[in-house]
Structure formats: structure tokens, C-alpha cells
Amino acid sequence: MKFIGLGGVSEIGASSYLYTFADSSLLIDAGIRPNALGEASLPDFSFLSQEPIALLLTHAHSDHIGALPVLKRRFPNLPVYATLATASLALEMLKDAQKIGESQGAVLFSLEDLANALAGIHIIRAEQSFEIGALTLTPYLAGHLTGAVSYLIESAEGSIFHTGDVNNIASQTAPSCYFPAEAKKVDVLTVESTYGDTLMHLNRKAEVQRFIAKVSETLNQGGRVLIPAFAMGRSSDVALTLADHMRGKLLRRVPIVLDGLVRTIHELFSEALFSEMPEALRNRAGAEGSNPLFAPEIVRVKNHQERLNWVTSQEPMIVIASSGMLNAGVSPLYAKAILAEEESLIAFVGYQDEGAPGKQLLNRTEGVREIALPTGEKGSFESIGVSCQIDSFSFSGHADANGLISLSKRYNPDQVIVVHGEGNSRLVLRDKLAKAARVHVLNNGEMLELSSFAKRPKRVKATEATSGSETPRPKRSTKMIRYKTRVAAKLEGNSLILNFDDDVDIEHLLGDIDSFSIEFARAEILRLKLSGRPK
């Protein structure tokens, strides 16, 4: 087996990964670099000397599907596989990208290319295996976005688990990723590392409370709130969170305005893809007799005149608009007005690329009071003064380092390929995984011969290694104790502080501890494994 990343290996963007087997090759994803224009935004498809046996899509974010029409123009007969949600969302995402490309004078594909790219797409479902040639593939929920999946690839040469973008914490519109109950051995794990250098994300409930408090403070002083958001999932999660707090009278009731691709995707979630929403949201709709995604506070902007009315309005409101980095879409139009309002707030809720206007706002230093925002015409920018408040909130759709490590342990790989990361994120995650597997940190275009690396040596039991003249060691008697309790946990540097309830006999419970390990599983569940002799 061989691996080569055409893009998205040493960066976040242009994700496209080629796996080569004895008689075929398989491509996963075909994305673009959101902050680049034209050909510079594409993966390096020149590495495709022949047509792959298939293209698998993990999910519908542009950095994973934005180059699909370009690839299909080159290989018109290339079979494409995706979940129903990914195929539906990809259509809207690519239509929007084509329109933005035209306005910027950097068109990558036509609407005809787009239609050809999605025609005849093969729809797959999570946990239902299918075969392509000699390969057996099983998609598993990835938790990152509605319809997002990881792929288990099984071949005669070995097995690969490709995570794609993955999240072990559920949101309102996407369940958490698939975590096998017991370790499931694979030869190779290809894992994203967006937050590979972040040990643990901020507590989601506490972060939501901080977010609501800041939004409430802004609205109560008569200000407006702009939330530049990624249209796929994040925006709908935020809109639901805000509407729920208004319904519970924990937040002033004002319009929650959805605009741009945010509105389009929210309507898709609410209607055509509602059956793909998590069970909890579908059950809630049945119990309440109405769709929570269509809460009365949520307003959908239908045309440009309505948009201008909201932009110029001075009434308190919350606007959720694409794009999430202020580098395209309609969010820069709202930002130009709101940036001048001292009482107003721009709140970021997602990842910001280096160089993006959103990142520049978050990184601005004292004395820097202007920001360059796109005008929407052929890559031109306009400098805008900054007077409003700027803040960011951690609602990440990616697993943190602990989540990624836990996932790796579940698949017990011999080799790990770390991709989809910037700065130190890949290196930090590499160091954390290196004790358990051989870890590869590559560059775009660098080929890795996976079969050239020997697997970890088999562990031989002590009794098997003794000669006839030696006395075998007696087997150590091990008593497994399972204990479940609630405990308050706090991370201080590299130390985990545990505060048990008063009625727990800690001395008896812990005994003489030789070692311990910590695993973060779904949501806020923490597993602590202790090794030693109980007293």
C-alpha cells in the first residue's frame, strides 16, 4: 500500500488523499484552499497518473469537496460515493462557490461542470459496507457535520481507517463520531490534527453560557450581534441555541437573521434533510408539534432588498451569515456596518485561517483600528475602521487532542499518518501518538510506502521464552475492579485534579497505584484506568 496527499497534509485546505493498492488506487476528498483563488486553491491533481477506482467524499465542507467539479472534468467516468446529506449539501456549497468565483473573477468550474460532477453519485449509509473492486469499505459517522463519515478500507494488503474531520462531541444537528466499544485493530490510521495541540477544548456548557452572556449584554445595551459562521451545521447549531435561550427567557427576544448560504443550508436541514438530523432533534419536533429549526425568532433573508434593510437597521438583532472567516459571502457586508458601532459585537464561533479577515480581527494589536474586507468584486478589498467589540467562542466541530488520542487507541494502529493540521498541531499530536505506533508527518506530494514498514513485533509471553532448565515465572494474579462514580475533574497544566464525593473511600479505592491512563470518550465522559494492587 502507498499513500500520497495531493493537498491537505501539511495544511488545512485542499484535502485530497490517494491510497494505492496492488491493482487500483482510491481517492478520498477533493477540496480547495478557501483563502486562495483560481488554480492556487486546488490540490495537485498531476499526481493522478491514471483514473482512481473511485472517489470517496467524507463531508461537504469546501476544503473537502470544492474541487470536485474540476476533478470530474478530468475524469468524467470517475465513480463518486457520499452519504445523502453530503451529496445534498455539496450541491448547495458548490453552487455558492461558483457564484462567488464569478464575482471574484476566479471561476474554477461552470454550472455544467457542477451538474456533471454530482450526476449519478452513489449514495451510501453509515455502517453499511460496500465493495469497490477488491476493496471493502465501511463508512462510520464522523460527528463533524450532518452526513460526515470516516472510512474503514479493507484490502488484501491491509486495513486503513481514514477519519476525515472528526468530532467525539455531539451537536444539535450532528451526532458524535463512531467509537467502537472495544479496540478494532487496523494497520494504518490516517487522522486529522486540526486541534492536535489542544489538550482539551473548553467545556461546551460553560462556553455556551459565556456566549449567551456576551450576546445578552450586547443586546441589552442596544447593540447588534454579527456571527460570521460556516453555513454547514455550525450556523444552525448556533441559531437553535439562541432560539432555545430566548424561549427560556434567558435571552432578550430579538430577530435571529439568517443570510447567504447559512439560510440555504438551514432550510435544507429543516426540510429535505430533516430525516437525517439526530434522533433527539426529530423527537423534539414530534413532541412539540413543530420543527425547532423553524422557531418564530428565526428570520430568513430572501432577497437583496431584505438584506439591505437588515444591514441598515438600528434595532437590536442577531445576524448569522456566511462566510465564517469574513473572506467571502454576505457576512462582510454586515461587518462593514457593524464594525462602526461601539455597542455592537462580532462573535466568531469557528476556525479562522491565517491571513483571513476574521483572524486579523482576532489578532489585532492595540492601535490597529482598521481591517481589510472583501468588496465581492474580483478580489478587491476595502479598509474599514474597527470600533465594535470582537470576541471568539469555542464551538469547534473537531475533536481535541484527547479525543483524537482516544480514537487512535480504539483502532490500535501499527502506523499513523497525521494530516489536516497547521503549525505545531501535527507535531504535537505525533509526539502524543508515537509511543503506541509509528507516526508519519508528511508534506503535500510526499509518497509513503506503507508496506515498507514492519509491523510492531509480536509480544512473547515470558513462559514461551524460557528454556527447559529455567523455572517458569508464576502467573501474576490480577483482580479487576470496576468502579463507577461521579467526580469533579480539573486540568492544571499537565496534572489532572480529581475531587471525589465525601462518601468515597479513596484510599481503599486507589490502593497502591503503579500507573494510570486517562481517556476522553463521547461528550464529557472520562475513563480513568488505574493499575496496581488494591489494599
# chains A, B, ... in the order shown; residues from 1 in each chain; ligands from 1
>>> closest_atom_pairs(of="region 76-169 of chain A", to="region 26-50 of chain A", cutoff="9 Å", atoms="only C-alpha atoms", output="tab-separated table")
residue	atom	partner	partner_atom	distance
A:Gly101	CA	A:Leu37	CA	8.2
A:Gln104	CA	A:Leu37	CA	8.4
A:Gly105	CA	A:Gly38	CA	8.7
A:Ala106	CA	A:Gly38	CA	5.0
A:Val107	CA	A:Gly38	CA	6.5
A:Leu108	CA	A:Gly38	CA	6.0
A:His162	CA	A:Ile28	CA	8.7
A:Gly164	CA	A:Ile28	CA	8.8
>>> residues_around(residues="region 189-193 of chain A", least_positions_apart="5", cutoff="7 Å", atoms="only C-alpha atoms", output="number ranges by chain")
A: 160-165, 413, 415-421, 425-426, 429
>>> write_last_selection(atoms="C-alpha atoms", output="PDB file, in the first residue's frame")
ATOM      1  CA  ILE A 160      -6.828   1.618   6.759  1.00  0.00           C
ATOM      2  CA  PHE A 161      -9.085   3.821   8.875  1.00  0.00           C
ATOM      3  CA  HIS A 162      -9.339   7.334   7.419  1.00  0.00           C
ATOM      4  CA  THR A 163     -11.000   9.655   9.935  1.00  0.00           C
ATOM      5  CA  GLY A 164     -11.689  12.697   7.782  1.00  0.00           C
ATOM      6  CA  ASP A 165     -12.729  15.600  10.010  1.00  0.00           C
ATOM      7  CA  PRO A 413      -2.918   1.033  14.506  1.00  0.00           C
ATOM      8  CA  GLN A 415       1.118   3.148  11.666  1.00  0.00           C
ATOM      9  CA  VAL A 416      -0.453   6.596  11.861  1.00  0.00           C
ATOM     10  CA  ILE A 417      -0.450   9.315   9.188  1.00  0.00           C
ATOM     11  CA  VAL A 418      -1.147  12.753  10.664  1.00  0.00           C
ATOM     12  CA  VAL A 419      -2.810  15.185   8.216  1.00  0.00           C
ATOM     13  CA  HIS A 420      -5.069  18.271   8.131  1.00  0.00           C
ATOM     14  CA  GLY A 421      -3.119  20.479  10.531  1.00  0.00           C
ATOM     15  CA  SER A 425      -0.744  20.769  15.745  1.00  0.00           C
ATOM     16  CA  ARG A 426       0.579  17.812  13.706  1.00  0.00           C
ATOM     17  CA  LEU A 429      -0.180  15.015  18.056  1.00  0.00           C
TER      18      LEU A 429
END
>>> closest_residue(among="A:Leu118, A:Ile169, A:Ala60, A:Ile124", to="Asp400 (chain A)", atoms="only C-alpha atoms")
A:Ile169
>>> residues_around(residues="Gln128 (chain A)", least_positions_apart="2", cutoff="10 Å", atoms="only C-alpha atoms", output="PyMOL selection string")
chain A and resi 124-126+130+137-140
>>> atom_distance(atom1="CA of Glu276 (chain A)", atom2="CA of Thr173 (chain A)")
8.8 Å
>>> closest_atom_pairs(of="region 143-255 of chain A", to="region 299-312 of chain A", cutoff="12 Å", atoms="only C-alpha atoms", output="tab-separated table")
residue	atom	partner	partner_atom	distance
A:Arg224	CA	A:Val311	CA	10.2
A:Val225	CA	A:Val311	CA	11.5
A:Leu226	CA	A:Val311	CA	10.4
A:Ala239	CA	A:Val299	CA	10.2
A:Ala243	CA	A:Val299	CA	11.1
A:Val254	CA	A:Val299	CA	10.1
A:Pro255	CA	A:Val299	CA	6.4
>>> residues_around(residues="Gly445 (chain A)", least_positions_apart="6", cutoff="9 Å", atoms="only C-alpha atoms", output="count of residues only")
7
>>> residues_around(residues="Ala90 (chain A)", least_positions_apart="6", cutoff="9 Å", atoms="only C-alpha atoms", output="PyMOL selection string")
chain A and resi 59-62+65-66+118
>>> residues_around(residues="Ala437 (chain A)", least_positions_apart="4", cutoff="10 Å", atoms="only C-alpha atoms", output="PyMOL selection string")
chain A and resi 187-189+408-409+412-416+430+433+455-456
>>> write_last_selection(atoms="N, CA and C atoms", output="short mmCIF file (atom, residue, chain, number, x, y, z; two decimals), in the first residue's frame")
data_model
loop_
_atom_site.label_atom_id
_atom_site.label_comp_id
_atom_site.auth_asym_id
_atom_site.auth_seq_id
_atom_site.Cartn_x
_atom_site.Cartn_y
_atom_site.Cartn_z
N ASP A 187 -4.28 -1.60 10.35
CA ASP A 187 -2.86 -1.46 10.06
C ASP A 187 -2.44 0.01 10.03
N VAL A 188 -3.30 0.85 9.44
CA VAL A 188 -2.96 2.26 9.25
C VAL A 188 -4.13 3.13 9.68
N LEU A 189 -3.84 4.17 10.43
CA LEU A 189 -4.83 5.19 10.80
C LEU A 189 -4.37 6.51 10.20
N SER A 408 -7.57 6.97 18.38
CA SER A 408 -6.44 6.16 17.94
C SER A 408 -6.32 4.88 18.75
N LYS A 409 -6.51 4.97 20.05
CA LYS A 409 -6.43 3.78 20.90
C LYS A 409 -7.50 2.77 20.51
N ASN A 412 -6.05 0.98 17.49
CA ASN A 412 -4.80 0.27 17.77
C ASN A 412 -3.94 0.09 16.51
N PRO A 413 -3.60 1.18 15.79
CA PRO A 413 -2.92 1.03 14.51
C PRO A 413 -1.43 0.74 14.66
N ASP A 414 -0.84 0.08 13.66
CA ASP A 414 0.61 -0.08 13.60
C ASP A 414 1.26 1.22 13.13
N GLN A 415 0.58 1.90 12.21
CA GLN A 415 1.12 3.15 11.67
C GLN A 415 0.04 4.22 11.67
N VAL A 416 0.46 5.46 11.86
CA VAL A 416 -0.45 6.60 11.86
C VAL A 416 0.09 7.66 10.90
N ARG A 430 1.69 14.04 16.83
CA ARG A 430 2.65 12.97 16.52
C ARG A 430 3.35 12.49 17.78
N LEU A 433 1.22 10.32 20.00
CA LEU A 433 0.85 9.00 19.48
C LEU A 433 2.05 8.09 19.27
N LYS A 455 5.51 -4.21 10.89
CA LYS A 455 4.55 -4.02 11.97
C LYS A 455 5.26 -4.18 13.31
N ARG A 456 4.60 -3.73 14.34
CA ARG A 456 5.18 -3.86 15.68
C ARG A 456 5.46 -5.33 15.98
#
>>> residues_around(residues="Glu354 (chain A)", least_positions_apart="4", cutoff="12 Å", atoms="only C-alpha atoms", output="PyMOL selection string")
chain A and resi 11-13+33-36+325+327+358-363+422-423
>>> write_last_selection(atoms="N, CA and C atoms", output="compact mmCIF listing (two decimals), in the first residue's frame")
# COMPACT_ATOMS: atom_id res chain seq x y z
N GLU A 11 -1.46 21.22 5.86
CA GLU A 11 -2.29 22.43 5.83
C GLU A 11 -3.73 22.04 6.13
N ILE A 12 -4.56 23.05 6.34
CA ILE A 12 -6.00 22.85 6.43
C ILE A 12 -6.60 23.48 5.18
N GLY A 13 -6.99 22.65 4.24
CA GLY A 13 -7.47 23.12 2.95
C GLY A 13 -6.98 22.20 1.86
N ARG A 33 -8.48 25.30 -1.22
CA ARG A 33 -7.97 26.18 -0.17
C ARG A 33 -8.89 27.40 -0.13
N PRO A 34 -9.65 27.58 0.94
CA PRO A 34 -10.64 28.67 0.97
C PRO A 34 -10.04 30.06 0.81
N ASN A 35 -8.77 30.25 1.19
CA ASN A 35 -8.18 31.58 1.13
C ASN A 35 -7.38 31.84 -0.13
N ALA A 36 -7.41 30.91 -1.08
CA ALA A 36 -6.68 31.08 -2.35
C ALA A 36 -7.69 31.19 -3.49
N MET A 325 -15.26 33.27 7.99
CA MET A 325 -13.97 33.95 8.17
C MET A 325 -13.99 35.38 7.63
N ASN A 327 -14.23 36.25 4.65
CA ASN A 327 -13.44 36.35 3.43
C ASN A 327 -14.28 36.21 2.17
N GLY A 358 -11.12 37.48 9.44
CA GLY A 358 -11.54 37.11 10.79
C GLY A 358 -10.35 36.90 11.71
N LYS A 359 -9.32 36.24 11.21
CA LYS A 359 -8.11 36.01 12.00
C LYS A 359 -7.41 37.32 12.30
N GLN A 360 -7.38 38.22 11.34
CA GLN A 360 -6.75 39.53 11.54
C GLN A 360 -7.48 40.32 12.62
N LEU A 361 -8.79 40.23 12.63
CA LEU A 361 -9.56 40.93 13.67
C LEU A 361 -9.24 40.36 15.05
N LEU A 362 -9.17 39.04 15.15
CA LEU A 362 -8.88 38.41 16.44
C LEU A 362 -7.46 38.68 16.90
N ASN A 363 -6.54 38.85 15.95
CA ASN A 363 -5.12 39.05 16.30
C ASN A 363 -4.70 40.52 16.34
N GLU A 422 -2.09 22.60 10.93
CA GLU A 422 -1.17 23.71 10.69
C GLU A 422 -0.31 23.95 11.92
N GLY A 423 0.83 24.63 11.71
CA GLY A 423 1.70 24.96 12.83
C GLY A 423 2.18 23.73 13.55
>>> closest_residue(among="A:Leu71, A:Ala22, A:Leu251, A:Val262", to="Ala156 (chain A)", atoms="only C-alpha atoms")
A:Ala22
>>> closest_residue(among="A:Val428, A:Ile132, A:Ile100, A:Leu250", to="Leu55 (chain A)", atoms="only C-alpha atoms")
A:Ile132
>>> select_by_dssp(residues="region 94-327 of chain A", states="strand (DSSP E)", output="PyMOL selection string")
chain A and resi 122-124+130-132+135-141+149-155+158-162+188-192+225-228+256-259+298-300+318-321
>>> select_by_dssp(residues="region 177-390 of chain A", states="alpha helix (DSSP H)", output="JSON, numbers by chain")
{"A": [204, 205, 206, 207, 208, 209, 210, 211, 212, 213, 214, 215, 216, 217, 218, 219, 220, 234, 235, 236, 237, 238, 239, 240, 241, 242, 243, 244, 245, 246, 247, 261, 262, 263, 264, 265, 266, 267, 268, 269, 270, 279, 280, 281, 282, 283, 284, 285, 286, 287, 288, 304, 305, 306, 307, 308, 309, 310, 311, 312, 331, 332, 333, 334, 335, 336, 337, 338, 357, 358, 359, 360, 361, 362, 363]}
>>> closest_residue(among="A:Ser323, A:Asn220, A:Gln389, A:Ser171", to="Ile338 (chain A)", atoms="only C-alpha atoms")
A:Gln389
